[in-house]
$ cat model_27.txt   # compact mmCIF, C-alpha atoms
# COMPACT_ATOMS: atom_id res chain seq x y z
CA MET A 9 0.00 0.00 0.00
CA ASP A 10 1.33 3.41 -0.97
CA GLY A 11 -1.21 5.72 0.69
CA LYS A 12 -2.50 7.04 -2.65
CA PHE A 13 -6.00 5.64 -2.14
CA LEU A 14 -8.52 4.80 0.57
CA ILE A 15 -11.15 2.09 0.30
CA TYR A 16 -14.52 2.02 1.99
CA SER A 17 -17.73 0.04 1.71
CA SER A 18 -21.23 1.37 1.18
CA ILE A 19 -24.17 -0.80 2.18
CA SER A 20 -27.93 -0.35 2.19
CA HIS A 21 -30.76 -2.89 2.30
CA ASN A 22 -32.60 -0.79 -0.28
CA ASP A 23 -29.91 -0.05 -2.86
CA SER A 24 -31.99 1.46 -5.66
CA ALA A 25 -29.09 3.69 -6.75
CA GLY A 26 -26.57 0.86 -7.10
CA LYS A 27 -24.20 2.34 -4.53
CA ASN A 28 -23.63 -0.87 -2.56
CA GLY A 29 -20.09 -2.15 -2.84
CA ILE A 30 -16.47 -1.15 -2.34
CA TRP A 31 -15.23 2.26 -3.40
CA ARG A 32 -11.71 3.58 -3.93
CA ILE A 33 -11.10 7.25 -3.25
CA VAL A 34 -8.09 9.58 -3.27
CA PRO A 35 -7.33 11.10 0.17
CA ASP A 36 -8.41 14.62 -0.81
CA GLY A 37 -11.82 13.29 -1.86
CA SER A 38 -11.58 14.68 -5.39
CA ARG A 39 -11.99 11.36 -7.18
CA GLU A 40 -13.59 8.02 -6.38
CA GLU A 41 -14.58 4.89 -8.25
CA GLN A 42 -16.61 1.79 -7.47
CA ILE A 43 -14.40 -1.29 -7.74
CA PHE A 44 -16.96 -3.83 -6.53
CA SER A 45 -20.74 -3.74 -6.84
CA GLY A 46 -22.68 -5.78 -4.31
CA VAL A 47 -23.04 -6.22 -0.58
CA ALA A 48 -19.64 -5.75 1.06
CA GLU A 49 -18.46 -4.84 4.56
CA HIS A 50 -15.15 -4.47 6.40
CA PRO A 51 -12.84 -4.30 3.34
CA LYS A 52 -9.13 -4.81 4.06
CA TRP A 53 -6.25 -4.23 1.68
CA SER A 54 -3.63 -6.97 1.49
CA PRO A 55 -0.15 -5.92 2.72
CA ASP A 56 1.17 -5.74 -0.85
CA GLY A 57 -1.86 -3.74 -1.99
CA ARG A 58 -2.84 -6.25 -4.69
CA PHE A 59 -6.04 -7.65 -3.17
CA ILE A 60 -8.97 -6.70 -0.96
CA VAL A 61 -10.71 -9.11 1.41
CA PHE A 62 -14.17 -8.36 2.80
CA ASP A 63 -17.35 -9.72 4.38
CA GLY A 64 -19.96 -10.37 1.71
CA ASP A 65 -23.62 -11.38 1.50
CA PHE A 66 -24.62 -9.46 4.63
CA GLY A 67 -21.96 -11.16 6.74
CA LYS A 68 -22.49 -14.71 5.44
CA SER A 69 -19.27 -15.09 3.42
CA ILE A 70 -15.69 -13.86 3.12
CA LYS A 71 -14.54 -12.88 -0.35
CA MET A 72 -11.51 -11.44 -2.10
CA ILE A 73 -11.11 -9.28 -5.21
CA PRO A 74 -8.14 -7.70 -7.04
CA ALA A 75 -7.43 -4.19 -5.76
CA ASP A 76 -8.47 -2.69 -9.10
CA GLY A 77 -11.73 -4.60 -9.07
CA GLY A 78 -12.82 -7.87 -10.62
CA LYS A 79 -14.73 -11.06 -10.00
CA PRO A 80 -14.98 -11.92 -6.28
CA LEU A 81 -13.52 -15.18 -5.05
CA SER A 82 -14.96 -16.93 -2.00
CA ILE A 83 -11.96 -17.92 0.11
CA ILE A 84 -13.80 -19.53 3.04
CA PRO A 85 -15.96 -22.59 2.24
CA ASP A 86 -19.67 -22.45 3.06
CA SER A 87 -19.21 -25.36 5.47
CA ILE A 88 -17.39 -23.04 7.89
CA GLY A 89 -20.64 -21.13 8.40
CA ILE A 90 -19.84 -17.41 8.46
CA MET A 91 -22.92 -15.82 10.05
CA ASN A 92 -22.60 -12.24 11.28
CA GLY A 93 -19.42 -11.26 9.50
CA GLY A 94 -16.05 -12.93 9.86
CA LEU A 95 -14.22 -9.59 10.14
CA PRO A 96 -11.19 -10.90 8.19
CA CYS A 97 -7.72 -9.46 8.71
CA TRP A 98 -4.47 -10.16 6.81
CA SER A 99 -1.24 -11.51 8.24
CA PRO A 100 1.74 -9.17 7.63
CA ASP A 101 3.12 -11.32 4.81
CA GLY A 102 -0.29 -11.63 3.15
CA SER A 103 -0.28 -15.43 3.26
CA LYS A 104 -3.05 -15.88 5.84
CA ILE A 105 -6.31 -14.36 7.01
CA ALA A 106 -7.69 -14.47 10.54
CA PHE A 107 -11.46 -14.52 10.92
CA ILE A 108 -14.34 -15.54 13.19
CA ALA A 109 -16.23 -18.70 12.25
CA GLY A 110 -20.03 -18.85 12.55
CA ALA A 111 -21.96 -20.00 15.59
CA THR A 112 -18.90 -21.64 17.16
CA LEU A 113 -17.18 -18.24 17.47
CA ASN A 114 -13.79 -19.81 16.86
CA LEU A 115 -10.90 -17.57 15.93
CA CYS A 116 -9.56 -19.24 12.78
CA VAL A 117 -6.67 -18.73 10.38
CA ALA A 118 -7.00 -19.52 6.68
CA ASP A 119 -4.01 -20.13 4.40
CA ILE A 120 -4.65 -18.21 1.17
CA LYS A 121 -2.65 -20.53 -1.11
CA THR A 122 -3.63 -23.94 0.25
CA GLY A 123 -7.10 -23.14 1.56
CA ALA A 124 -6.26 -24.89 4.84
CA ILE A 125 -8.18 -23.56 7.85
CA LYS A 126 -7.00 -23.91 11.42
CA LYS A 127 -9.07 -23.19 14.52
CA ILE A 128 -6.69 -21.55 16.97
CA PHE A 129 -8.72 -20.08 19.82
CA ARG A 130 -12.06 -20.15 21.60
CA MET A 131 -13.05 -19.04 25.09
CA ASP A 132 -16.35 -20.23 26.57
CA GLY A 133 -18.73 -17.41 27.40
CA LYS A 134 -16.81 -14.89 25.32
CA ILE A 135 -17.66 -13.25 22.02
CA PRO A 136 -14.46 -12.62 20.02
CA MET A 137 -13.82 -9.96 17.42
CA PRO A 138 -10.49 -10.06 15.58
CA GLY A 139 -8.64 -6.86 14.90
CA CYS A 140 -5.18 -7.23 13.45
CA TRP A 141 -1.91 -9.15 13.47
CA SER A 142 1.29 -8.06 15.16
CA ARG A 143 3.92 -6.75 12.77
CA ASP A 144 6.01 -9.92 13.14
CA GLY A 145 3.02 -12.18 12.46
CA GLU A 146 3.45 -13.98 15.78
CA HIS A 147 0.25 -12.73 17.44
CA ILE A 148 -3.30 -11.66 16.68
CA LEU A 149 -4.98 -8.86 18.61
CA ILE A 150 -8.65 -9.50 19.36
CA ALA A 151 -11.35 -8.24 21.70
CA LEU A 152 -13.35 -10.60 23.89
CA MET A 153 -16.71 -9.60 25.35
CA ASP A 154 -18.28 -11.52 28.21
CA ARG A 155 -21.75 -12.74 27.23
CA GLU A 156 -23.23 -12.07 30.69
CA SER A 157 -21.53 -8.92 31.96
CA ARG A 158 -21.12 -7.44 28.44
CA LYS A 159 -17.72 -6.16 29.56
CA SER A 160 -14.88 -6.55 27.12
CA ALA A 161 -11.11 -6.64 27.09
CA MET A 162 -8.40 -6.78 24.49
CA TRP A 163 -6.20 -9.87 24.18
CA LYS A 164 -3.06 -10.85 22.34
CA ILE A 165 -3.28 -14.43 21.04
CA SER A 166 -0.29 -16.29 19.60
CA SER A 167 -0.84 -17.26 15.96
CA ASP A 168 -0.86 -20.94 16.95
CA GLY A 169 -3.40 -20.29 19.73
CA LYS A 170 -1.19 -21.65 22.49
CA GLU A 171 -0.55 -18.41 24.35
CA LYS A 172 -2.80 -15.53 25.35
CA LYS A 173 -2.35 -12.31 27.28
CA GLN A 174 -4.84 -9.62 28.28
CA ILE A 175 -3.43 -6.22 27.41
CA ASN A 176 -6.26 -3.86 28.33
CA GLY A 177 -9.57 -3.95 30.14
CA HIS A 178 -10.66 -0.34 30.59
CA HIS A 179 -13.80 -0.19 28.49
CA GLN A 180 -17.05 -1.96 29.31
CA GLY A 181 -18.52 -1.79 25.82
CA LEU A 182 -17.45 -3.90 22.91
CA TYR A 183 -14.08 -3.11 21.41
CA ARG A 184 -14.21 -2.79 17.63
CA TYR A 185 -11.85 -2.15 14.74
CA ILE A 186 -8.50 -2.77 16.42
CA GLU A 187 -5.62 -1.44 14.29
CA LEU A 188 -1.88 -1.43 14.99
CA SER A 189 0.22 1.58 13.95
CA PRO A 190 2.72 1.03 11.11
CA ASP A 191 5.65 1.01 13.56
CA GLY A 192 3.82 -1.46 15.81
CA SER A 193 3.97 0.78 18.88
CA LEU A 194 0.34 1.91 19.24
CA ILE A 195 -3.14 0.44 18.98
CA ILE A 196 -6.13 2.47 17.89
CA TYR A 197 -9.59 1.04 18.49
CA ALA A 198 -13.24 1.99 18.76
CA ALA A 199 -15.03 1.60 22.10
CA MET A 200 -18.30 2.72 23.63
CA GLU A 201 -18.25 5.83 25.80
CA GLU A 202 -21.59 7.27 26.93
CA ASN A 203 -23.42 5.31 24.21
CA GLU A 204 -21.16 6.66 21.48
CA LEU A 205 -18.40 4.83 19.62
CA GLU A 206 -15.19 6.80 20.01
CA LEU A 207 -11.63 6.17 18.89
CA TRP A 208 -9.01 5.52 21.56
CA VAL A 209 -5.30 4.81 21.49
CA MET A 210 -2.93 2.92 23.80
CA PRO A 211 0.54 1.32 23.75
CA ALA A 212 0.69 -1.98 21.86
CA GLU A 213 1.65 -3.83 25.04
CA GLY A 214 -1.19 -2.32 27.06
CA GLY A 215 -1.29 0.43 29.63
CA LYS A 216 -2.75 3.90 29.76
CA THR A 217 -5.43 4.75 27.19
CA MET A 218 -6.43 8.14 25.85
CA PRO A 219 -9.21 9.40 23.58
CA LEU A 220 -8.04 10.30 20.11
CA ILE A 221 -11.18 11.09 18.12
CA VAL A 222 -14.36 12.05 19.99
CA SER A 223 -17.55 13.73 18.81
CA HIS A 224 -20.94 14.15 20.49
CA PRO A 225 -23.31 13.26 19.06
CA GLY A 226 -21.94 10.79 16.55
CA HIS A 227 -20.13 7.48 16.18
CA ASN A 228 -16.48 7.29 15.10
CA GLU A 229 -15.23 3.92 13.91
CA CYS A 230 -13.30 1.89 11.30
CA PRO A 231 -9.92 3.61 11.85
CA SER A 232 -7.10 2.94 9.41
CA TRP A 233 -3.51 4.22 9.63
CA SER A 234 -1.76 5.69 6.61
CA PRO A 235 1.40 3.73 5.66
CA ASP A 236 3.63 6.44 7.16
CA GLY A 237 1.60 6.63 10.39
CA LYS A 238 0.97 10.35 10.01
CA ARG A 239 -2.76 10.21 9.29
CA ILE A 240 -5.77 8.16 10.29
CA ALA A 241 -8.83 7.66 8.12
CA PHE A 242 -12.09 6.77 9.85
CA THR A 243 -15.84 6.85 9.38
CA SER A 244 -18.04 9.14 11.43
CA THR A 245 -21.68 10.15 11.77
CA ARG A 246 -20.78 13.56 13.21
CA SER A 247 -22.28 15.27 10.15
CA GLY A 248 -25.46 13.20 10.30
CA ASN A 249 -24.32 10.72 7.65
CA PHE A 250 -21.67 8.01 7.59
CA ASP A 251 -18.77 9.85 5.95
CA VAL A 252 -15.06 9.16 5.58
CA TRP A 253 -12.80 11.54 7.49
CA ILE A 254 -9.02 11.95 7.73
CA THR A 255 -7.10 13.44 10.64
CA ASP A 256 -3.40 14.16 11.12
CA VAL A 257 -1.67 12.38 14.00
CA ASN A 258 1.76 12.62 15.61
CA ILE A 259 2.81 9.22 16.93
CA ASP A 260 5.74 10.59 18.95
CA ARG A 261 3.49 13.14 20.66
CA ILE A 262 0.90 10.46 21.46
CA LYS A 263 3.58 8.22 22.96
CA LYS A 264 4.77 11.04 25.23
CA ARG A 265 1.23 11.69 26.48
CA LEU A 266 0.66 8.00 27.15
CA LEU A 267 3.87 7.79 29.17
CA VAL A 268 2.85 10.61 31.51
CA SER A 269 1.86 9.15 34.89
CA THR A 270 -1.74 9.72 35.99
CA GLU A 271 -1.03 8.90 39.61

$ encode --input "model_27.txt" --output "structure tokens"
Amino acid sequence: MDGKFLIYSSISHNDSAGKNGIWRIVPDGSREEQIFSGVAEHPKWSPDGRFIVFDGDFGKSIKMIPADGGKPLSIIPDSIGIMNGGLPCWSPDGSKIAFIAGATLNLCVADIKTGAIKKIFRMDGKIPMPGCWSRDGEHILIALMDRESRKSAMWKISSDGKEKKQINGHHQGLYRYIELSPDGSLIIYAAMEENELELWVMPAEGGKTMPLIVSHPGHNECPSWSPDGKRIAFTSTRSGNFDVWITDVNIDRIKKRLLVSTE
């Protein structure tokens, strides 16, 4: 990825205008094009920028298309049973995709070339939502929400599922859209605060959190770092519609603020 384009999905149950699909737009908003027509959610660019993976069919399948558009390929067999969106995310080398499988709520990893699927993690009583891989490909960052208390926490799971570590537990709403900064030092995520989804940031190994993008009223979600880590694109309802926004960020300044003791 070179930072020249953003991708986003547009979805409506009554798509009379043919806007449903995946769109590619330049960062200044001056030009956009539809590269996939159909129901698509949670699009993710592959690390080399050649492909896009996404949830299709209203969360019932995971598909992949070339970055310039083309015929979609189903990469997860129907027998796996994707139900409410698998929320796929790429490994750093682009060889694998982590996703959530159907009613079993297993965190799984699919090998793109061989099609092999491995179930690596499941915790009884927890609802998982994958976010992203660590930069070295050794771990997957996910959020786990307790079915009864509805409280959630972020976890780091080894890619083989043998090790797990809780790295944050501040928010009581469901964590969403976990994204690691390009240098691997920070995590940005969406979490509920006063019934609004806001974007927060914290060190990759856990610790102090701080709000990064907040608006009332309005939800802010789906954050995505630019390749150089200097900007974050996100969607927001602050204007009354779901629009794509871009904000400048200074990673070094954020790190300094997070290191300041609150005691």

$ atom_distance --input "model_27.txt" --atom1 "atom CA of Cys140 of chain A" --atom2 "atom CA of Trp98 of chain A"
7.3 Å

$ atom_distance --input "model_27.txt" --atom1 "atom CA of Gly110 of chain A" --atom2 "atom CA of Ile135 of chain A"
11.3 Å

$ axis_aligned_box --input "model_27.txt" --around "segment 156-161 of chain A" --padding-each-side "8 Å" --output "lines of an AutoDock Vina configuration file"
center_x = -17.2
center_y = -9.1
center_z = 29.5
size_x = 28.1
size_y = 21.9
size_z = 20.9

$ residues_around --input "model_27.txt" --residues "segment 111-125 of chain A" --least-positions-apart "6" --cutoff "10 Å" --atoms "only C-alpha atoms" --output "ChimeraX atom specification"
/A:83-85,88-92,94,96-99,102-105,131-132,134-138,148,150,165,167-169

$ closest_residue --input "model_27.txt" --among "A:Leu152, A:Ser157, A:Asp144, A:Lys263" --to "Leu194 of chain A" --atoms "all atoms listed in the file"
A:Lys263

$ atom_distance --input "model_27.txt" --atom1 "atom CA of Ala151 of chain A" --atom2 "atom CA of Arg130 of chain A"
11.9 Å

$ residues_around --input "model_27.txt" --residues "segment 45-53 of chain A" --least-positions-apart "6" --cutoff "8 Å" --atoms "all atoms listed in the file" --output "PDB file with C-alpha atoms, in the frame of the given file"
ATOM      1  CA  MET A   9       0.000   0.000   0.000  1.00  0.00           C
ATOM      2  CA  ILE A  15     -11.150   2.090   0.300  1.00  0.00           C
ATOM      3  CA  TYR A  16     -14.520   2.020   1.990  1.00  0.00           C
ATOM      4  CA  SER A  17     -17.730   0.040   1.710  1.00  0.00           C
ATOM      5  CA  SER A  18     -21.230   1.370   1.180  1.00  0.00           C
ATOM      6  CA  ILE A  19     -24.170  -0.800   2.180  1.00  0.00           C
ATOM      7  CA  GLY A  26     -26.570   0.860  -7.100  1.00  0.00           C
ATOM      8  CA  LYS A  27     -24.200   2.340  -4.530  1.00  0.00           C
ATOM      9  CA  ASN A  28     -23.630  -0.870  -2.560  1.00  0.00           C
ATOM     10  CA  GLY A  29     -20.090  -2.150  -2.840  1.00  0.00           C
ATOM     11  CA  ILE A  30     -16.470  -1.150  -2.340  1.00  0.00           C
ATOM     12  CA  PHE A  59      -6.040  -7.650  -3.170  1.00  0.00           C
ATOM     13  CA  ILE A  60      -8.970  -6.700  -0.960  1.00  0.00           C
ATOM     14  CA  VAL A  61     -10.710  -9.110   1.410  1.00  0.00           C
ATOM     15  CA  PHE A  62     -14.170  -8.360   2.800  1.00  0.00           C
ATOM     16  CA  ASP A  63     -17.350  -9.720   4.380  1.00  0.00           C
ATOM     17  CA  GLY A  64     -19.960 -10.370   1.710  1.00  0.00           C
ATOM     18  CA  ASP A  65     -23.620 -11.380   1.500  1.00  0.00           C
ATOM     19  CA  PHE A  66     -24.620  -9.460   4.630  1.00  0.00           C
ATOM     20  CA  GLY A  67     -21.960 -11.160   6.740  1.00  0.00           C
ATOM     21  CA  ALA A  75      -7.430  -4.190  -5.760  1.00  0.00           C
ATOM     22  CA  LEU A  95     -14.220  -9.590  10.140  1.00  0.00           C
ATOM     23  CA  PRO A  96     -11.190 -10.900   8.190  1.00  0.00           C
ATOM     24  CA  CYS A  97      -7.720  -9.460   8.710  1.00  0.00           C
ATOM     25  CA  TRP A  98      -4.470 -10.160   6.810  1.00  0.00           C
TER      26      TRP A  98
END

$ closest_residue --input "model_27.txt" --among "A:Gly11, A:Gly145, A:Gly214, A:Pro219" --to "Ala161 of chain A" --atoms "only C-alpha atoms"
A:Gly214

$ residues_around --input "model_27.txt" --residues "segment 231-239 of chain A" --least-positions-apart "6" --cutoff "6 Å" --atoms "all atoms listed in the file" --output "ChimeraX atom specification"
/A:11,190,255-257

$ residues_near_point --input "model_27.txt" --point "(-11.6, 1.3, -3.3)" --cutoff "7 Å" --atoms "all atoms listed in the file" --output "PyMOL selection string"
chain A and resi 14-16+30-33+41-43

$ closest_residue --input "model_27.txt" --among "A:Asn176, A:Asn228, A:Ser244, A:Ser142" --to "Ala106 of chain A" --atoms "only C-alpha atoms"
A:Ser142

$ closest_residue --input "model_27.txt" --among "A:Leu81, A:Met210, A:Met218, A:Ala109" --to "Ser193 of chain A" --atoms "only C-alpha atoms"
A:Met210

$ closest_residue --input "model_27.txt" --among "A:Asn249, A:Asp56, A:Ile259, A:Ile254" --to "Val34 of chain A" --atoms "all atoms listed in the file"
A:Ile254

$ residues_around --input "model_27.txt" --residues "Leu267 of chain A" --least-positions-apart "3" --cutoff "12 Å" --atoms "all atoms listed in the file" --output "list in words"
Met210, Pro211, Gly214, Gly215, Lys216, Thr217, Met218, Asp260, Arg261, Ile262, Lys263, Lys264, Thr270 and Glu271 of chain A

$ closest_residue --input "model_27.txt" --among "A:Ile175, A:Ile73, A:Cys230, A:Val222" --to "Tyr197 of chain A" --atoms "all atoms listed in the file"
A:Cys230

$ residues_around --input "model_27.txt" --residues "Asp86 of chain A" --least-positions-apart "5" --cutoff "10 Å" --atoms "all atoms listed in the file" --output "PyMOL selection string"
chain A and resi 68-70
